[in-house]
Amino acid sequence: NMENLQQTSRNLLVCDQSSLRHRKCRLSQQVQQHHFNHQVSLLLPECGSAPPPLDAALRSFSSSYLLRKLPLHELLDTHFLQDAVYQGSVYGLSYRSRIDEDTCVALLPSGQLVLSLDKDVYERLGVEGKPSRFNQRANSRYVVTVNLTDSSMAPGGRGYQRLLTGLKSRVQLQTDFLLSHHPGGGEALKALLSRYDWTEHRPQVSSRLLTNLPCPTPLTSDLPSCDPHSFLEWLGAVEAEVSCDNESTSFLSTLVCPEPRAVLSRALRVRVSGLLLPQDVYRLIEELRRCWDGRGTASWAALTVQGFADSPVSWGSREHGFLKGGENFYSLLLCSDHSYWLCMGTGAHDGCPP
Amino acid sequence: MVRQKSRYLLCELNVSDRSRLLLLDDRAVREAVRATVARIHGDYGAALCSLRFSVKYLNAHTGIVFLRCPKNCYRLIWSALPFITSVENQGQKVPCFLNCLHVGGTIRTCQKFLIRYNTQQLHRMLPQCKSEEEKLQVRKAILNCSLIKRNEGGFEDEAESGEDDEE
Amino acid sequence: MRAVGGEQEPAAFERTVLRNASPYHYLKVYLQLESATTRLCAVELKQLIVSGLSSLFGEVGAALPFDLLKYDEEALTGILRVHSRGLVKLWSSLTLLGSYQNEACAFRVLQVSPFLLALSGNSRDL
């Protein structure tokens, strides 16, 4: 049918416009709730190299540890719970497992363990969970959420025993696992790391100087000159290094920078990738703010943070799925007068961002 | 059993030379429509219109054509009709175009529309008669049309066949 | 499409929710060819996709506007932009496209998103 051919799956874009000085500013929570980030990209206009404090912040993202073939019951290990989970925040995510076909596991800093399982594994595991929000008709995927800091999940407790025997004897789930700890770093994870094959992953930093970049103006957050979708398209074109230099009659591409526009003689794009902690992202935002307080030169900066497509959660403990792209990201346009514009985008299988 | 709903397109075949209309048959019209849908809408359109598509009725004297197609894809066929410029039969190419007069859910509604349409056309054309004699001739020709003759046309048979109940 | 605006303090805090409002969809595609030596330039690639559209959706399909935003001739990967209404048509014709100049080929759709930003990094090949 012709009408069906024109439909696409759901997508959501939430834009907040506010100021860092505003008393209801929730930027900190919004950033902290987006747990699993794999790429942070910062665009600084009219800038040849990042100011030293900013550069330091970009280079000091915490490392993560990749454990090969970790049996999941190790996450319930008494020492691990005491050294890492009760003492701060652990970020853990299964690595290279796909949420639309495999088992995916996430350990949130709040102590919640989220398992996204297919029906067979769920039924063998024997721990209570909920059917996934996103394929209710087929009920082929289930989400099990347990809070490891709960009293019933304390070692020896009933829930703890049930999950432990489930993971030890009923289903021997094994997965490559990315782990990171705040603020302890590798120290807190030492006991666990010593037992398995692991590698340390330092976040990769790459920067690129862009010249003669067309840019929509004026980029001030109180009055964006273009609508959010065309702004994000422009930012995406900068990130993906797509040329906006086209005519409406071009055969290959008709993408143009939104009007009115200006040309930036140069701009710096710095990109960090790895398992990046929200604390480090927020530290970067604070550092940006401080830079402006000191000099008050640069007019704006754009920060894009991309979440893992295969994470079982996006913001907070909101369920996340893949469907077509699994995108969950936010872009922050921060101006030197502390006003900002935050765009949070999600794909079809995702709740509404906070 | 669920009744499969259809759409009937009532079209008028326009040719410059009316005598050439007699060269056409329903198979030729079907092939022409099918080929055009395939050209305009590709494999997707051709596949959709290969199911339950047929030329229900063709009057070679008046050039009236009834096309039947499934309800969900009539737009594909409808939009392809203007691109038909000729119909080929037995090696002879008849330049023509199809003018879609009405889209209906049953043959009966199409027939009602056709009768009303023809009456309208008659009223429009009668004042154009040059002399009283011509007018009389037309009137005589109309009165000569008896019910027996109309039954031969196959029009009524179609309207009474099982698949075109009121929707 | 729906926009909800909640204002607590005038011009200081504003939230807009845009649902299904993305005008375009973006696809990252990779063209797999039978022989490793065949080379295509950007214009040929776009022409190939148009021919695929035209065989599946005819002349109407061939008129579907889409953009080849970026193309890497060495890696045979590119980014396409299409109006959201045309996504299904473009994607299905890419899937069914099977040959380039009598040589078997296949398009692999690597990533699809309503946001171009999402294509700048893929956590699946981290």
# chains A, B, ... in the order shown; residues from 1 in each chain; ligands from 1

call {"tool": "interface_residues", "arguments": {"of": "chain B", "to": "chain A", "cutoff": "9 Å", "atoms": "only C-alpha atoms", "output": "PDB file with N, CA and C atoms, in the first residue's frame"}}
result
ATOM      1  N   LEU B  48       1.828  -5.486  -7.738  1.00  0.00           N
ATOM      2  CA  LEU B  48       0.561  -5.182  -7.079  1.00  0.00           C
ATOM      3  C   LEU B  48      -0.595  -5.310  -8.051  1.00  0.00           C
ATOM      4  N   ASN B  72      -6.766  -1.598  -2.467  1.00  0.00           N
ATOM      5  CA  ASN B  72      -5.614  -0.937  -1.851  1.00  0.00           C
ATOM      6  C   ASN B  72      -4.617  -0.384  -2.860  1.00  0.00           C
ATOM      7  N   CYS B  73      -4.723  -0.787  -4.125  1.00  0.00           N
ATOM      8  CA  CYS B  73      -3.700  -0.287  -5.039  1.00  0.00           C
ATOM      9  C   CYS B  73      -4.279   0.429  -6.251  1.00  0.00           C
ATOM     10  N   ARG B  75      -4.818   3.460  -6.697  1.00  0.00           N
ATOM     11  CA  ARG B  75      -4.129   4.718  -6.976  1.00  0.00           C
ATOM     12  C   ARG B  75      -2.950   4.516  -7.931  1.00  0.00           C
ATOM     13  N   LEU B  76      -2.302   3.358  -7.795  1.00  0.00           N
ATOM     14  CA  LEU B  76      -1.172   3.071  -8.672  1.00  0.00           C
ATOM     15  C   LEU B  76      -1.614   3.034 -10.123  1.00  0.00           C
TER      16      LEU B  76
END

call {"tool": "residues_around", "arguments": {"residues": "stretch 337-348 of chain A", "least_positions_apart": "6", "cutoff": "7 Å", "atoms": "only C-alpha atoms", "output": "PyMOL selection string"}}
result
chain A and resi 9-21+221+323+325-331

call {"tool": "write_last_selection", "arguments": {"atoms": "C-alpha atoms", "output": "mmCIF file, in the first residue's frame"}}
result
data_model
loop_
_atom_site.group_PDB
_atom_site.id
_atom_site.type_symbol
_atom_site.label_atom_id
_atom_site.label_comp_id
_atom_site.auth_asym_id
_atom_site.auth_seq_id
_atom_site.Cartn_x
_atom_site.Cartn_y
_atom_site.Cartn_z
ATOM 1 C CA SER A 9 9.438 4.590 12.909
ATOM 2 C CA ARG A 10 9.118 6.965 15.835
ATOM 3 C CA ASN A 11 11.809 9.398 16.860
ATOM 4 C CA LEU A 12 11.960 11.992 19.541
ATOM 5 C CA LEU A 13 13.890 15.203 19.974
ATOM 6 C CA VAL A 14 13.609 17.134 23.213
ATOM 7 C CA CYS A 15 15.082 20.633 23.308
ATOM 8 C CA ASP A 16 15.705 22.531 26.503
ATOM 9 C CA GLN A 17 16.570 26.157 26.425
ATOM 10 C CA SER A 18 17.821 27.626 29.646
ATOM 11 C CA SER A 19 20.755 29.118 31.470
ATOM 12 C CA LEU A 20 23.355 27.551 33.724
ATOM 13 C CA ARG A 21 22.519 30.269 36.225
ATOM 14 C CA SER A 221 20.913 30.002 22.685
ATOM 15 C CA LEU A 323 15.159 -1.198 16.168
ATOM 16 C CA GLY A 325 19.641 2.784 14.852
ATOM 17 C CA GLY A 326 19.528 2.710 18.634
ATOM 18 C CA GLU A 327 20.559 6.334 18.739
ATOM 19 C CA ASN A 328 20.566 8.114 22.075
ATOM 20 C CA PHE A 329 22.598 11.276 22.249
ATOM 21 C CA TYR A 330 22.544 14.858 23.351
ATOM 22 C CA SER A 331 23.982 18.010 21.911
#

call {"tool": "closest_residue", "arguments": {"among": "B:Asn89, B:Ser54, B:Thr36, B:Thr62", "to": "chain C", "atoms": "only C-alpha atoms"}}
result
B:Thr36

call {"tool": "select_by_dssp", "arguments": {"residues": "stretch 63-311 of chain A", "states": "helix (DSSP H, G or I)", "output": "MDAnalysis selection string"}}
result
chainID A and resid 72:76 78:85 119:125 133:135 158:170 186:195 228:239 278:295

call {"tool": "closest_residue", "arguments": {"among": "A:Pro45, A:Pro131, A:Gly307, A:Gly316", "to": "chain C", "atoms": "only C-alpha atoms"}}
result
A:Gly307

call {"tool": "closest_residue", "arguments": {"among": "A:Pro353, A:Gly126, A:Gly236, A:Pro258", "to": "chain C", "atoms": "only C-alpha atoms"}}
result
A:Gly236

call {"tool": "closest_residue", "arguments": {"among": "A:Ala84, A:Leu70, A:Leu193, A:Cys104", "to": "A:His181", "atoms": "only C-alpha atoms"}}
result
A:Ala84

call {"tool": "closest_atom_pairs", "arguments": {"of": "chain C", "to": "chain A", "cutoff": "9 Å", "atoms": "only C-alpha atoms", "output": "Markdown table"}}
result
| residue | atom | partner | partner_atom | distance |
| --- | --- | --- | --- | --- |
| C:Gln8 | CA | A:Lys24 | CA | 8.9 |
| C:Ala11 | CA | A:Asp222 | CA | 7.5 |
| C:Ala12 | CA | A:Ser18 | CA | 5.2 |
| C:Phe13 | CA | A:Ser18 | CA | 4.5 |
| C:Glu14 | CA | A:Gln17 | CA | 5.1 |
| C:Arg15 | CA | A:Asp16 | CA | 4.5 |
| C:Thr16 | CA | A:Cys15 | CA | 5.1 |
| C:Val17 | CA | A:Val14 | CA | 4.5 |
| C:Leu18 | CA | A:Leu13 | CA | 5.1 |
| C:Arg19 | CA | A:Leu12 | CA | 4.7 |
| C:Asn20 | CA | A:Asn11 | CA | 5.0 |
| C:Ala21 | CA | A:Asn11 | CA | 7.7 |
| C:Ser22 | CA | A:His229 | CA | 6.3 |
| C:Pro23 | CA | A:His229 | CA | 7.7 |
| C:Ala42 | CA | A:Leu252 | CA | 7.5 |
| C:Val43 | CA | A:Leu252 | CA | 6.7 |
| C:Lys46 | CA | A:Leu252 | CA | 7.0 |
| C:Phe66 | CA | A:Ser253 | CA | 7.6 |
| C:Asp67 | CA | A:Ser253 | CA | 4.4 |
| C:Leu68 | CA | A:Ser253 | CA | 5.3 |
| C:Leu69 | CA | A:Ser253 | CA | 5.6 |
| C:Lys70 | CA | A:Val242 | CA | 5.7 |
| C:Ile79 | CA | A:Val242 | CA | 8.8 |
| C:Leu80 | CA | A:Ser253 | CA | 8.9 |
| C:Arg81 | CA | A:Ser253 | CA | 8.5 |
| C:Ser84 | CA | A:Thr8 | CA | 6.7 |
| C:Arg85 | CA | A:Gln6 | CA | 4.3 |
| C:Gly86 | CA | A:Gln6 | CA | 6.1 |
| C:Leu87 | CA | A:Gln6 | CA | 7.3 |
| C:Val88 | CA | A:Leu5 | CA | 5.7 |
| C:Lys89 | CA | A:Leu5 | CA | 6.6 |
| C:Gln111 | CA | A:Gly325 | CA | 6.2 |
| C:Val112 | CA | A:Gly325 | CA | 5.5 |
| C:Ser113 | CA | A:Gly325 | CA | 5.6 |
| C:Pro114 | CA | A:Asn11 | CA | 7.3 |
| C:Phe115 | CA | A:Glu233 | CA | 6.9 |
| C:Leu116 | CA | A:Gly236 | CA | 4.9 |
| C:Leu117 | CA | A:Gly236 | CA | 3.9 |
| C:Ala118 | CA | A:Glu327 | CA | 6.2 |
| C:Leu119 | CA | A:Ala240 | CA | 7.1 |
| C:Ser120 | CA | A:Ala240 | CA | 5.0 |
| C:Gly121 | CA | A:Gln39 | CA | 7.1 |
| C:Asn122 | CA | A:Ala309 | CA | 7.7 |
| C:Ser123 | CA | A:Phe308 | CA | 5.4 |
| C:Arg124 | CA | A:Arg96 | CA | 6.4 |
| C:Asp125 | CA | A:Arg96 | CA | 8.1 |
| C:Leu126 | CA | A:Gly274 | CA | 7.4 |

call {"tool": "residues_around", "arguments": {"residues": "C:Val60", "least_positions_apart": "6", "cutoff": "10 Å", "atoms": "only C-alpha atoms", "output": "VMD selection string"}}
result
(chain B and resid 39 to 42 79 to 80) or (chain C and resid 53 to 54)

call {"tool": "write_last_selection", "arguments": {"atoms": "N, CA and C atoms", "output": "PDB file, in the first residue's frame"}}
result
ATOM      1  N   ARG B  39       5.944   0.463 -16.163  1.00  0.00           N
ATOM      2  CA  ARG B  39       6.923   1.501 -16.504  1.00  0.00           C
ATOM      3  C   ARG B  39       6.912   2.621 -15.468  1.00  0.00           C
ATOM      4  N   ILE B  40       5.714   3.012 -15.042  1.00  0.00           N
ATOM      5  CA  ILE B  40       5.606   4.154 -14.125  1.00  0.00           C
ATOM      6  C   ILE B  40       5.927   3.744 -12.695  1.00  0.00           C
ATOM      7  N   HIS B  41       5.463   2.585 -12.260  1.00  0.00           N
ATOM      8  CA  HIS B  41       5.651   2.203 -10.861  1.00  0.00           C
ATOM      9  C   HIS B  41       6.581   1.012 -10.673  1.00  0.00           C
ATOM     10  N   GLY B  42       7.215   0.566 -11.736  1.00  0.00           N
ATOM     11  CA  GLY B  42       8.246  -0.449 -11.603  1.00  0.00           C
ATOM     12  C   GLY B  42       7.728  -1.822 -11.213  1.00  0.00           C
ATOM     13  N   SER B  79      -2.983   6.508 -11.326  1.00  0.00           N
ATOM     14  CA  SER B  79      -1.966   7.505 -11.653  1.00  0.00           C
ATOM     15  C   SER B  79      -1.200   7.140 -12.914  1.00  0.00           C
ATOM     16  N   ALA B  80      -1.245   5.854 -13.318  1.00  0.00           N
ATOM     17  CA  ALA B  80      -0.511   5.460 -14.519  1.00  0.00           C
ATOM     18  C   ALA B  80      -1.318   5.679 -15.789  1.00  0.00           C
TER      19      ALA B  80
ATOM     20  N   LEU C  53      16.198   2.309  -7.963  1.00  0.00           N
ATOM     21  CA  LEU C  53      14.886   2.877  -7.660  1.00  0.00           C
ATOM     22  C   LEU C  53      13.964   2.745  -8.853  1.00  0.00           C
ATOM     23  N   SER C  54      14.536   2.977 -10.028  1.00  0.00           N
ATOM     24  CA  SER C  54      13.685   2.956 -11.201  1.00  0.00           C
ATOM     25  C   SER C  54      13.223   1.551 -11.541  1.00  0.00           C
TER      26      SER C  54
END

call {"tool": "select_by_dssp", "arguments": {"residues": "stretch 176-332 of chain A", "states": "strand (DSSP E or B)", "output": "JSON, numbers by chain"}}
result
{"A": [176, 177, 178, 179, 180, 181, 182, 198, 199, 200, 201, 204, 205, 206, 207, 208, 209, 210, 211, 212, 213, 214, 215, 216, 261, 262, 263, 264, 265, 266, 267, 268, 269, 270, 271, 272, 273, 274, 275, 276, 300, 301, 302, 303, 304, 305, 306, 307, 313, 315, 319, 320, 328, 329, 330, 331, 332]}

call {"tool": "write_last_selection", "arguments": {"atoms": "C-alpha atoms", "output": "PDB file, in the first residue's frame"}}
result
ATOM      1  CA  ASP A 176      32.973  -9.448  27.318  1.00  0.00           C
ATOM      2  CA  PHE A 177      32.487  -6.655  29.787  1.00  0.00           C
ATOM      3  CA  LEU A 178      33.551  -3.020  29.926  1.00  0.00           C
ATOM      4  CA  LEU A 179      34.025  -1.703  33.434  1.00  0.00           C
ATOM      5  CA  SER A 180      34.864   1.632  34.879  1.00  0.00           C
ATOM      6  CA  HIS A 181      34.789   2.978  38.394  1.00  0.00           C
ATOM      7  CA  HIS A 182      34.325   6.434  39.779  1.00  0.00           C
ATOM      8  CA  TRP A 198      41.741  -7.873  30.828  1.00  0.00           C
ATOM      9  CA  THR A 199      43.020  -4.857  28.933  1.00  0.00           C
ATOM     10  CA  GLU A 200      42.975  -1.222  29.888  1.00  0.00           C
ATOM     11  CA  HIS A 201      41.340   1.133  27.440  1.00  0.00           C
ATOM     12  CA  GLN A 204      41.164   8.008  22.422  1.00  0.00           C
ATOM     13  CA  VAL A 205      41.500  11.739  21.827  1.00  0.00           C
ATOM     14  CA  SER A 206      41.660  13.068  18.312  1.00  0.00           C
ATOM     15  CA  SER A 207      41.429  16.647  17.190  1.00  0.00           C
ATOM     16  CA  ARG A 208      41.003  18.253  13.854  1.00  0.00           C
ATOM     17  CA  LEU A 209      41.290  21.812  12.686  1.00  0.00           C
ATOM     18  CA  LEU A 210      38.542  22.827  10.296  1.00  0.00           C
ATOM     19  CA  THR A 211      38.907  25.867   8.106  1.00  0.00           C
ATOM     20  CA  ASN A 212      36.393  27.984   6.218  1.00  0.00           C
ATOM     21  CA  LEU A 213      33.471  26.376   7.941  1.00  0.00           C
ATOM     22  CA  PRO A 214      30.024  27.740   7.063  1.00  0.00           C
ATOM     23  CA  CYS A 215      28.010  28.144  10.213  1.00  0.00           C
ATOM     24  CA  PRO A 216      24.449  29.318  10.935  1.00  0.00           C
ATOM     25  CA  ARG A 261      25.085  32.001   7.789  1.00  0.00           C
ATOM     26  CA  ALA A 262      28.615  33.150   8.265  1.00  0.00           C
ATOM     27  CA  VAL A 263      31.933  31.541   7.534  1.00  0.00           C
ATOM     28  CA  LEU A 264      34.234  30.643  10.393  1.00  0.00           C
ATOM     29  CA  SER A 265      37.834  31.007   9.336  1.00  0.00           C
ATOM     30  CA  ARG A 266      38.778  28.140  11.603  1.00  0.00           C
ATOM     31  CA  ALA A 267      37.272  25.835  14.200  1.00  0.00           C
ATOM     32  CA  LEU A 268      38.609  23.056  16.351  1.00  0.00           C
ATOM     33  CA  ARG A 269      36.895  19.751  16.732  1.00  0.00           C
ATOM     34  CA  VAL A 270      38.084  17.446  19.489  1.00  0.00           C
ATOM     35  CA  ARG A 271      36.705  13.974  19.809  1.00  0.00           C
ATOM     36  CA  VAL A 272      37.098  11.523  22.687  1.00  0.00           C
ATOM     37  CA  SER A 273      35.926   7.946  22.438  1.00  0.00           C
ATOM     38  CA  GLY A 274      35.780   4.997  24.784  1.00  0.00           C
ATOM     39  CA  LEU A 275      33.542   4.193  27.752  1.00  0.00           C
ATOM     40  CA  LEU A 276      33.204   7.752  29.023  1.00  0.00           C
ATOM     41  CA  TRP A 300      29.832  29.524  21.921  1.00  0.00           C
ATOM     42  CA  ALA A 301      30.818  25.845  21.947  1.00  0.00           C
ATOM     43  CA  ALA A 302      28.962  22.763  20.852  1.00  0.00           C
ATOM     44  CA  LEU A 303      29.305  19.491  22.722  1.00  0.00           C
ATOM     45  CA  THR A 304      27.825  16.251  21.434  1.00  0.00           C
ATOM     46  CA  VAL A 305      27.670  13.142  23.562  1.00  0.00           C
ATOM     47  CA  GLN A 306      26.674   9.847  21.996  1.00  0.00           C
ATOM     48  CA  GLY A 307      25.365   6.926  23.997  1.00  0.00           C
ATOM     49  CA  VAL A 313      19.272   1.813  29.386  1.00  0.00           C
ATOM     50  CA  TRP A 315      18.822   8.055  30.584  1.00  0.00           C
ATOM     51  CA  GLU A 319      14.703   1.113  28.825  1.00  0.00           C
ATOM     52  CA  HIS A 320      16.508   1.406  25.542  1.00  0.00           C
ATOM     53  CA  ASN A 328      20.566   8.114  22.075  1.00  0.00           C
ATOM     54  CA  PHE A 329      22.598  11.276  22.249  1.00  0.00           C
ATOM     55  CA  TYR A 330      22.544  14.858  23.351  1.00  0.00           C
ATOM     56  CA  SER A 331      23.982  18.010  21.911  1.00  0.00           C
ATOM     57  CA  LEU A 332      24.712  20.989  24.046  1.00  0.00           C
TER      58      LEU A 332
END

call {"tool": "residues_around", "arguments": {"residues": "stretch 100-102 of chain C", "least_positions_apart": "3", "cutoff": "9 Å", "atoms": "only C-alpha atoms", "output": "list in words"}}
result
Leu33, Leu48, Leu97 and Cys105 of chain C

call {"tool": "write_last_selection", "arguments": {"atoms": "N, CA and C atoms", "output": "PDB file, in the first residue's frame"}}
result
ATOM      1  N   LEU C  33      31.127  -5.239  -3.903  1.00  0.00           N
ATOM      2  CA  LEU C  33      31.230  -5.629  -5.300  1.00  0.00           C
ATOM      3  C   LEU C  33      31.927  -6.969  -5.417  1.00  0.00           C
ATOM      4  N   LEU C  48      23.698   4.512 -10.049  1.00  0.00           N
ATOM      5  CA  LEU C  48      23.364   3.118  -9.762  1.00  0.00           C
ATOM      6  C   LEU C  48      22.144   3.034  -8.846  1.00  0.00           C
ATOM      7  N   LEU C  97      18.808  -4.198  -5.053  1.00  0.00           N
ATOM      8  CA  LEU C  97      19.725  -3.899  -6.147  1.00  0.00           C
ATOM      9  C   LEU C  97      20.799  -4.985  -6.207  1.00  0.00           C
ATOM     10  N   CYS C 105      26.499  -7.252  -7.182  1.00  0.00           N
ATOM     11  CA  CYS C 105      26.838  -6.312  -6.113  1.00  0.00           C
ATOM     12  C   CYS C 105      25.733  -6.322  -5.071  1.00  0.00           C
TER      13      CYS C 105
END

call {"tool": "interface_residues", "arguments": {"of": "chain C", "to": "chain B", "cutoff": "12 Å", "atoms": "only C-alpha atoms", "output": "ChimeraX atom specification"}}
result
/C:51-64,89,92-93,96

call {"tool": "residues_around", "arguments": {"residues": "A:Tyr160", "least_positions_apart": "6", "cutoff": "9 Å", "atoms": "only C-alpha atoms", "output": "list in words"}}
result
Leu76, Leu148, Ser152, Met153 and Ala154 of chain A

call {"tool": "write_last_selection", "arguments": {"atoms": "C-alpha atoms", "output": "short mmCIF file (atom, residue, chain, number, x, y, z; two decimals), in the first residue's frame"}}
result
data_model
loop_
_atom_site.label_atom_id
_atom_site.label_comp_id
_atom_site.auth_asym_id
_atom_site.auth_seq_id
_atom_site.Cartn_x
_atom_site.Cartn_y
_atom_site.Cartn_z
CA LEU A 76 27.75 -10.73 42.59
CA LEU A 148 22.49 -4.79 44.29
CA SER A 152 17.48 -8.59 49.90
CA MET A 153 20.37 -8.52 47.47
CA ALA A 154 23.00 -8.42 50.24
#
